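For reference, structure_25.cif is printed below; it contains mmCIF, C-alpha atoms.
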data_query
loop_
_atom_site.label_atom_id
_atom_site.label_comp_id
_atom_site.auth_asym_id
_atom_site.auth_seq_id
_atom_site.Cartn_x
_atom_site.Cartn_y
_atom_site.Cartn_z
CA MET E 1 38.32 117.10 62.23
CA LEU E 2 40.30 116.03 65.28
CA ARG E 3 37.30 116.79 67.43
CA TYR E 4 35.14 114.49 65.34
CA ILE E 5 37.69 111.74 65.64
CA ILE E 6 37.90 112.16 69.41
CA VAL E 7 34.12 112.18 69.67
CA ALA E 8 33.94 109.09 67.49
CA ILE E 9 36.55 107.30 69.64
CA LEU E 10 34.76 108.29 72.84
CA VAL E 11 31.45 107.06 71.46
CA LEU E 12 33.06 103.77 70.49
CA LEU E 13 34.77 103.49 73.87
CA SER E 14 31.59 104.25 75.77
CA GLN E 15 29.80 101.60 73.77
CA SER E 16 32.50 99.05 74.41
CA THR E 17 32.67 99.87 78.13
CA HIS E 18 28.94 99.61 78.24
CA ALA E 19 29.18 96.16 76.70
CA GLN E 20 31.87 95.24 79.21
CA VAL E 21 29.70 95.88 82.25
CA GLU E 22 28.16 92.44 81.99
CA MET E 23 31.40 90.52 81.93
CA ALA E 24 31.79 86.98 80.63
CA ASP E 25 28.34 87.12 79.09
CA ASN E 26 28.88 83.89 77.26
CA PHE E 27 29.82 82.13 80.44
CA ARG E 28 26.58 83.18 82.10
CA GLY E 29 24.49 82.56 79.01
CA GLU E 30 22.48 79.44 78.28
CA GLY E 31 22.18 78.56 81.95
CA LYS E 32 26.00 78.71 82.45
CA ILE E 33 26.56 75.56 80.40
CA TYR E 34 29.91 77.04 79.29
CA VAL E 35 31.17 76.79 82.87
CA VAL E 36 30.54 73.04 82.71
CA ILE E 37 32.42 72.84 79.42
CA ALA E 38 35.34 74.85 80.83
CA VAL E 39 35.54 72.53 83.85
CA ILE E 40 35.63 69.48 81.58
CA LEU E 41 38.37 71.16 79.50
CA ILE E 42 40.43 71.98 82.63
CA ILE E 43 40.29 68.35 83.75
CA MET E 44 41.05 67.07 80.24
CA ALA E 45 44.03 69.41 79.92
CA GLY E 46 45.26 68.17 83.28
CA PHE E 47 45.06 64.53 82.26
CA PHE E 48 46.84 65.24 78.97
CA TYR E 49 49.60 67.04 80.87
CA LEU E 50 49.93 63.97 83.09
CA LEU E 51 50.11 61.68 80.05
CA PHE E 52 52.83 63.81 78.46
CA LYS E 53 54.90 63.59 81.63
CA LEU E 54 54.48 59.80 81.69
CA ASP E 55 55.40 59.68 78.02
CA LYS E 56 58.60 61.59 78.76
CA ARG E 57 59.51 59.17 81.57
CA ALA E 58 58.94 56.15 79.33
CA LYS E 59 61.07 57.68 76.57
CA GLN E 60 63.88 58.37 79.04
CA LEU E 61 63.70 54.76 80.20
CA GLU E 62 63.89 53.49 76.63
CA LYS E 63 66.97 55.64 76.08
CA GLU E 64 68.63 54.31 79.23
CA ILE E 65 67.94 50.72 78.20
CA GLU E 66 69.45 51.36 74.78
CA GLU E 67 72.55 52.87 76.33
CA LYS E 68 73.17 49.85 78.54
CA MET V 1 48.18 46.85 92.55
CA ASP V 2 49.90 43.67 91.36
CA TYR V 3 46.48 42.37 90.40
CA LEU V 4 45.64 45.59 88.56
CA LEU V 5 48.80 45.31 86.50
CA LYS V 6 47.86 41.84 85.29
CA LYS V 7 44.17 42.22 84.49
CA ASP V 8 42.61 44.46 81.85
CA TRP V 9 38.83 44.22 82.11
CA TRP V 10 38.55 47.12 84.53
CA LYS V 11 40.14 49.46 81.97
CA TRP V 12 37.29 48.77 79.55
CA PHE V 13 34.88 49.26 82.45
CA CYS V 14 36.55 52.62 83.13
CA ILE V 15 36.18 53.71 79.50
CA ALA V 16 32.51 52.70 79.50
CA LEU V 17 31.80 54.56 82.74
CA LEU V 18 33.57 57.76 81.65
CA THR V 19 31.84 57.73 78.24
CA TYR V 20 28.55 57.39 80.07
CA THR V 21 29.57 60.17 82.47
CA ILE V 22 30.27 62.69 79.72
CA VAL V 23 27.22 61.83 77.60
CA ALA V 24 24.72 61.50 80.44
CA GLY V 25 26.40 64.23 82.48
CA LEU V 26 25.78 66.76 79.72
CA LEU V 27 22.44 65.52 78.39
CA VAL V 28 20.34 64.06 81.18
CA PRO V 29 17.86 66.58 82.66
CA VAL V 30 19.01 68.07 85.98
CA PRO V 31 17.09 69.81 88.78
CA ARG V 32 16.49 73.51 88.07
CA LEU V 33 18.25 75.35 90.88
CA ASN V 34 18.81 79.07 91.22
CA ILE V 35 22.33 80.46 90.71
CA LEU V 36 23.69 76.95 89.99
CA ASN V 37 21.69 76.60 86.76
CA GLU V 38 23.45 74.14 84.43
CA THR V 39 26.62 74.22 86.54
CA ILE V 40 25.05 71.53 88.73
CA ARG V 41 26.47 69.22 86.03
CA VAL V 42 29.97 70.08 87.26
CA LEU V 43 29.07 67.71 90.12
CA HIS V 44 29.98 64.79 87.83
CA PHE V 45 33.44 66.18 87.08
CA HIS V 46 34.64 68.23 90.05
CA VAL V 47 33.49 66.07 92.98
CA PRO V 48 34.80 62.74 91.57
CA MET V 49 38.27 64.33 91.44
CA TRP V 50 38.19 64.54 95.25
CA PHE V 51 36.70 61.08 95.66
CA GLY V 52 39.36 59.74 93.31
CA MET V 53 42.07 61.57 95.24
CA ILE V 54 40.92 60.05 98.53
CA PHE V 55 40.77 56.51 97.07
CA LEU V 56 44.23 56.93 95.52
CA PHE V 57 45.70 58.28 98.77
CA MET V 58 44.03 55.43 100.65
CA ALA V 59 45.62 52.86 98.33
CA SER V 60 48.89 54.76 98.67
CA VAL V 61 48.87 54.53 102.48
CA ILE V 62 47.96 50.82 102.30
CA HIS V 63 51.01 50.21 100.12
CA ALA V 64 53.14 52.34 102.46
CA VAL V 65 52.14 50.09 105.37
CA LYS V 66 52.79 47.05 103.18
CA TYR V 67 56.27 48.41 102.45
CA LEU V 68 57.01 48.96 106.14
CA ARG V 69 55.92 45.39 106.92
CA SER V 70 57.69 43.64 104.07
CA GLY V 71 60.41 45.97 102.80
CA ASN V 72 59.33 45.10 99.27
CA ASN V 73 60.40 47.80 96.78
CA ASN V 74 57.34 47.18 94.61
CA SER V 75 55.05 48.41 97.39
CA ASP V 76 57.15 51.55 97.76
CA ALA V 77 56.92 52.29 94.03
CA PHE V 78 53.15 51.71 94.00
CA SER V 79 52.74 53.86 97.09
CA SER V 80 54.61 56.86 95.70
CA GLU V 81 53.00 56.69 92.24
CA LEU V 82 49.50 56.42 93.75
CA ALA V 83 50.22 59.47 95.92
CA SER V 84 51.53 61.36 92.89
CA ILE V 85 48.44 60.69 90.76
CA GLY V 86 46.26 61.43 93.80
CA LEU V 87 47.93 64.81 94.12
CA TYR V 88 47.19 65.51 90.45
CA PHE V 89 43.53 64.65 91.11
CA GLY V 90 43.56 67.12 93.99
CA VAL V 91 45.00 69.85 91.79
CA PHE V 92 42.37 69.17 89.10
CA GLY V 93 39.73 69.28 91.84
CA ILE V 94 40.93 72.60 93.18
CA LEU V 95 41.23 74.22 89.72
CA SER V 96 37.83 73.01 88.53
CA GLY V 97 36.36 73.96 91.90
CA MET V 98 37.77 77.47 91.65
CA LEU V 99 36.13 78.01 88.28
CA TRP V 100 32.83 76.61 89.54
CA ALA V 101 33.09 78.84 92.63
CA ARG V 102 33.62 81.90 90.42
CA PHE V 103 30.16 81.40 88.92
CA ALA V 104 28.31 79.84 91.85
CA TRP V 105 29.77 81.76 94.81
CA GLY V 106 31.09 84.85 93.00
CA GLU V 107 34.81 84.45 93.63
CA PHE V 108 37.54 82.04 92.64
CA TRP V 109 38.67 81.79 96.24
CA SER V 110 36.30 82.80 99.01
CA ASN V 111 38.28 81.32 101.92
CA ASP V 112 35.61 78.70 102.39
CA PRO V 113 36.74 76.33 105.19
CA LYS V 114 36.71 73.34 102.88
CA GLN V 115 38.62 75.19 100.16
CA ASN V 116 41.30 76.16 102.65
CA ALA V 117 41.47 72.69 104.20
CA ALA V 118 41.77 71.11 100.75
CA ALA V 119 44.61 73.47 99.88
CA ILE V 120 46.38 72.63 103.15
CA SER V 121 46.08 68.88 102.58
CA LEU V 122 47.48 69.28 99.07
CA LEU V 123 50.44 71.15 100.56
CA ILE V 124 50.95 68.36 103.09
CA TYR V 125 51.10 65.84 100.25
CA LEU V 126 53.39 68.14 98.27
CA ALA V 127 55.79 67.96 101.21
CA TYR V 128 55.78 64.15 100.78
CA PHE V 129 57.44 64.59 97.40
CA VAL V 130 59.86 67.21 98.72
CA LEU V 131 60.84 64.70 101.41
CA ARG V 132 61.21 61.87 98.88
CA GLY V 133 63.31 63.99 96.58
CA SER V 134 65.61 65.16 99.34
CA LEU V 135 66.76 61.72 100.53
CA GLN V 136 69.58 60.04 98.64
CA ASP V 137 69.68 56.59 100.17
CA GLN V 138 66.94 54.46 98.62
CA GLN V 139 66.02 52.46 101.70
CA GLN V 140 65.99 55.52 103.91
CA ARG V 141 63.85 57.38 101.38
CA SER V 142 61.32 54.57 101.15
CA ARG V 143 61.03 54.09 104.91
CA ILE V 144 60.80 57.76 105.89
CA SER V 145 58.37 58.62 103.12
CA ALA V 146 56.19 55.62 104.02
CA VAL V 147 55.95 56.86 107.59
CA TYR V 148 55.26 60.40 106.42
CA ASN V 149 52.57 59.01 104.08
CA ILE V 150 50.69 57.55 107.06
CA PHE V 151 50.96 60.89 108.85
CA ALA V 152 49.74 62.82 105.78
CA PHE V 153 46.74 60.56 105.30
CA SER V 154 45.70 60.70 108.92
CA LEU V 155 45.99 64.49 108.83
CA MET V 156 43.91 64.77 105.66
CA ILE V 157 40.88 62.99 107.14
CA PRO V 158 40.10 65.59 109.85
CA LEU V 159 41.05 68.42 107.46
CA LEU V 160 38.55 67.37 104.80
CA PHE V 161 35.84 65.55 106.72
CA ILE V 162 35.69 66.93 110.25
CA LEU V 163 36.95 70.52 110.53
CA PRO V 164 34.91 71.98 107.61
CA ARG V 165 31.75 70.43 109.07
CA MET V 166 32.19 72.27 112.36
CA THR V 167 31.82 75.73 110.82
CA ASP V 168 29.60 77.26 108.17
CA SER V 169 30.77 76.45 104.71
CA LEU V 170 29.62 77.21 101.20
CA HIS V 171 30.16 73.56 100.31
CA PRO V 172 27.09 71.37 100.72
CA GLY V 173 27.41 68.91 103.57
CA ASN V 174 29.05 71.36 105.96
CA GLY V 175 27.77 73.53 108.79
CA GLY V 176 24.25 72.22 108.90
CA ASN V 177 23.54 71.67 105.22
CA PRO V 178 23.67 67.90 104.89
CA ALA V 179 25.66 66.38 102.05
CA LEU V 180 23.83 65.70 98.82
CA SER V 181 20.48 66.63 100.36
CA ILE V 182 19.68 69.13 97.60
CA TYR V 183 20.43 66.40 95.11
CA ASP V 184 18.49 63.74 96.98
CA THR V 185 15.23 64.74 95.36
CA ASN V 186 16.69 63.91 92.00
CA SER V 187 17.80 60.36 91.47
CA THR V 188 18.92 61.06 87.89
CA LEU V 189 21.87 63.04 89.30
CA LYS V 190 22.89 60.09 91.44
CA ALA V 191 22.56 57.75 88.47
CA VAL V 192 25.33 59.74 86.78
CA PHE V 193 27.32 60.79 89.83
CA TYR V 194 28.11 57.35 91.29
CA PRO V 195 29.29 55.84 87.98
CA ALA V 196 31.31 59.04 87.47
CA VAL V 197 33.09 58.55 90.80
CA ILE V 198 33.96 54.94 89.93
CA GLY V 199 35.03 55.85 86.39
CA TRP V 200 37.34 58.73 87.34
CA THR V 201 38.83 56.72 90.21
CA LEU V 202 39.58 53.80 87.88
CA LEU V 203 41.24 56.23 85.45
CA GLY V 204 43.49 57.35 88.31
CA PHE V 205 44.44 53.78 89.16
CA TRP V 206 45.05 53.07 85.48
CA ILE V 207 47.50 55.97 85.15
CA ALA V 208 49.14 55.11 88.48
CA SER V 209 49.64 51.51 87.35
CA ILE V 210 51.41 52.68 84.17
CA ALA V 211 53.55 55.11 86.18
CA SER V 212 54.57 52.41 88.67
CA ARG V 213 55.41 50.02 85.83
CA ILE V 214 57.78 52.64 84.47
CA SER V 215 59.43 53.24 87.84
CA LEU V 216 59.73 49.50 88.56
CA THR V 217 61.37 48.91 85.19
CA LYS V 218 63.76 51.77 85.93
CA GLN V 219 64.61 50.14 89.28
CA LYS V 220 65.23 46.78 87.62
CA LEU V 221 67.49 48.48 85.10
CA GLU V 222 69.50 50.18 87.85
CA ASP V 223 69.83 46.95 89.84
CA ALA V 224 70.93 44.97 86.82
#
Just give me the structure as structure tokens.
Amino acid sequence: MLRYIIVAILVLLSQSTHAQVEMADNFRGEGKIYVVIAVILIIMAGFFYLLFKLDKRAKQLEKEIEEK
Amino acid sequence: MDYLLKKDWWKWFCIALLTYTIVAGLLVPVPRLNILNETIRVLHFHVPMWFGMIFLFMASVIHAVKYLRSGNNNSDAFSSELASIGLYFGVFGILSGMLWARFAWGEFWSNDPKQNAAAISLLIYLAYFVLRGSLQDQQQRSRISAVYNIFAFSLMIPLLFILPRMTDSLHPGNGGNPALSIYDTNSTLKAVFYPAVIGWTLLGFWIASIASRISLTKQKLEDA
């Protein structure tokens, strides 16, 4: 029984490693359009991070004005 | 910068240009190039980050000189906020470039001369903020960082525009592969790329103007 399980696991593993040889398939698929989308997302995330930092500074300023 | 703070039309222009950039950048047909495939479209997002960074740093150094000539605190605030947003643009440029390089050149970082020079110039600008943060006296901080700003800008020009062109580089436009020549055959790329540069740059100025308004208000509050 154990042998069957081990064989089954090995078969599964070999299949999954075989599938892993071509890594990031999606990213290379469809003429690598996903790379373009990822780049847009990186830049968008960056700008949102910047906006959150600005937001924090404005809130701090509001607090300081209230305290005065 | 004072003018930018008072007028709004260019913000709507920026929105229009960036909407056009995303729609046309993803949909308009592009030249079919090996290896690059669809990633040629990254041109409209990665390269404008660097153009935007250079325009922001240029405006920053102009305000630094203005500060040194007049001693006006407004110019100092504009100068430092423009440099800060410019540095963010550089970081976005390097991150998006690394991902593009992974799929176009095979590695995130291949020690390409322009990649290295860009990283060095970002570090030089990072030192500007270390310097600013380390000085307590306001006038001293403004004066020294304005002088350092001029130094940083004049160091960035040879690092980005001269040194990489003297050796072979993976970037187009360096080491005997003239800039934009592979794109020259296709005017549809240019029709998106140039508006993209203007749009992203305006977005940078927009954010910098908000940031400098916040820091000027803070200054007014402290003086009051």
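Residue selection for this entry, given the PyMOL selection byres ((chain E) within 9 of (chain V)), comprises Phe27, Arg28, Glu30, Gly31, Lys32, Ile33, Tyr34, Val35, Val36, Ile37, Ala38, Val39, Ile40, Ile42, Ile43, Gly46, Phe47, Leu50, Leu51, Leu54, Arg57, Ala58, Leu61, Glu64, Ile65 and Lys68 of chain E.
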Can you work out which one of V:Ile94, V:Leu123, V:Ile62, V:Leu82 has the shortest atom-to-atom distance to Trp109 of chain V, counting all atoms listed in the file? V:Ile94
Let me make sure I understand: among V:Val65, V:Ala77, V:Leu155, V:Leu56, which one has the smallest atom-to-atom distance to Gln138 of chain V if we use only C-alpha atoms?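 Once distances to Gln138 of chain V are computed over only C-alpha atoms, the minimum belongs to V:Ala77.
Of note, atom CA of Ile54 of chain V and atom CA of Glu107 of chain V are spaced 25.6 Å apart.
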Using the chain letters and residue numbers of this document, give as a list in words the residues selected by the PyMOL selection byres ((chain V and resi 51) around 9).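 Applied to this file, the PyMOL selection byres ((chain V and resi 51) around 9) returns Val47, Pro48, Met49, Trp50, Gly52, Met53, Ile54, Phe55, Leu56, Phe89, Val197, Ile198, Trp200 and Thr201 of chain V.
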Output the residue selection produced by the PyMOL selection byres ((chain V and resi 163) around 12) on the file above, formatted as a VMD selection string. chain V and resid 112 to 118 155 to 162 164 to 169 173 to 175
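We find atom CA of Leu189 of chain V and atom CA of Phe205 of chain V to be spaced 24.4 Å apart.
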Given the point (30.2, 53.2, 82.5) in the file's coordinates, find the residues that have an atom at most 12 Å from it, counting all atoms listed in the file, and give them as a PyMOL selection string. chain V and resi 10-25+191-200+202-203
Distance in Å - atom CA of Arg132 of chain V versus atom CA of Tyr148 of chain V: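 Computing it gives 9.7 Å between the two atoms.
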Tell me which residues come within 9 Å of (49.2, 44.2, 94.1), as a PyMOL selection string, counting all atoms listed in the file in the file's coordinates. chain V and resi 1-5+63+74-75+78
Pick the closest to Ile150 of chain V from V:Lys220, V:Lys6, V:Lys190, V:Lys66: which is it, counting all atoms listed in the file?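 Ranking V:Lys220, V:Lys6, V:Lys190, V:Lys66 by distance to Ile150 of chain V, first place goes to V:Lys66.
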Could N, CA and C atoms be built for segment 70-81 of chain V and written out as an mmCIF file, in the frame of the given file?
data_model
loop_
_atom_site.group_PDB
_atom_site.id
_atom_site.type_symbol
_atom_site.label_atom_id
_atom_site.label_comp_id
_atom_site.auth_asym_id
_atom_site.auth_seq_id
_atom_site.Cartn_x
_atom_site.Cartn_y
_atom_site.Cartn_z
ATOM 1 N N SER V 70 56.967 44.643 104.859
ATOM 2 C CA SER V 70 57.690 43.640 104.070
ATOM 3 C C SER V 70 59.034 44.130 103.547
ATOM 4 N N GLY V 71 59.187 45.450 103.391
ATOM 5 C CA GLY V 71 60.410 45.970 102.800
ATOM 6 C C GLY V 71 60.513 45.711 101.310
ATOM 7 N N ASN V 72 59.355 45.388 100.707
ATOM 8 C CA ASN V 72 59.330 45.100 99.270
ATOM 9 C C ASN V 72 59.322 46.415 98.469
ATOM 10 N N ASN V 73 60.281 46.555 97.552
ATOM 11 C CA ASN V 73 60.400 47.800 96.780
ATOM 12 C C ASN V 73 59.184 48.067 95.896
ATOM 13 N N ASN V 74 58.526 46.990 95.438
ATOM 14 C CA ASN V 74 57.340 47.180 94.610
ATOM 15 C C ASN V 74 56.293 48.014 95.334
ATOM 16 N N SER V 75 56.062 47.684 96.618
ATOM 17 C CA SER V 75 55.050 48.410 97.390
ATOM 18 C C SER V 75 55.422 49.871 97.504
ATOM 19 N N ASP V 76 56.716 50.151 97.654
ATOM 20 C CA ASP V 76 57.150 51.550 97.760
ATOM 21 C C ASP V 76 56.877 52.291 96.460
ATOM 22 N N ALA V 77 57.161 51.644 95.322
ATOM 23 C CA ALA V 77 56.920 52.290 94.030
ATOM 24 C C ALA V 77 55.429 52.545 93.829
ATOM 25 N N PHE V 78 54.603 51.528 94.134
ATOM 26 C CA PHE V 78 53.150 51.710 94.000
ATOM 27 C C PHE V 78 52.698 52.863 94.883
ATOM 28 N N SER V 79 53.172 52.856 96.121
ATOM 29 C CA SER V 79 52.740 53.860 97.090
ATOM 30 C C SER V 79 53.038 55.275 96.590
ATOM 31 N N SER V 80 54.257 55.493 96.090
ATOM 32 C CA SER V 80 54.610 56.860 95.700
ATOM 33 C C SER V 80 53.884 57.273 94.420
ATOM 34 N N GLU V 81 53.696 56.314 93.483
ATOM 35 C CA GLU V 81 53.000 56.690 92.240
ATOM 36 C C GLU V 81 51.521 56.970 92.509
#
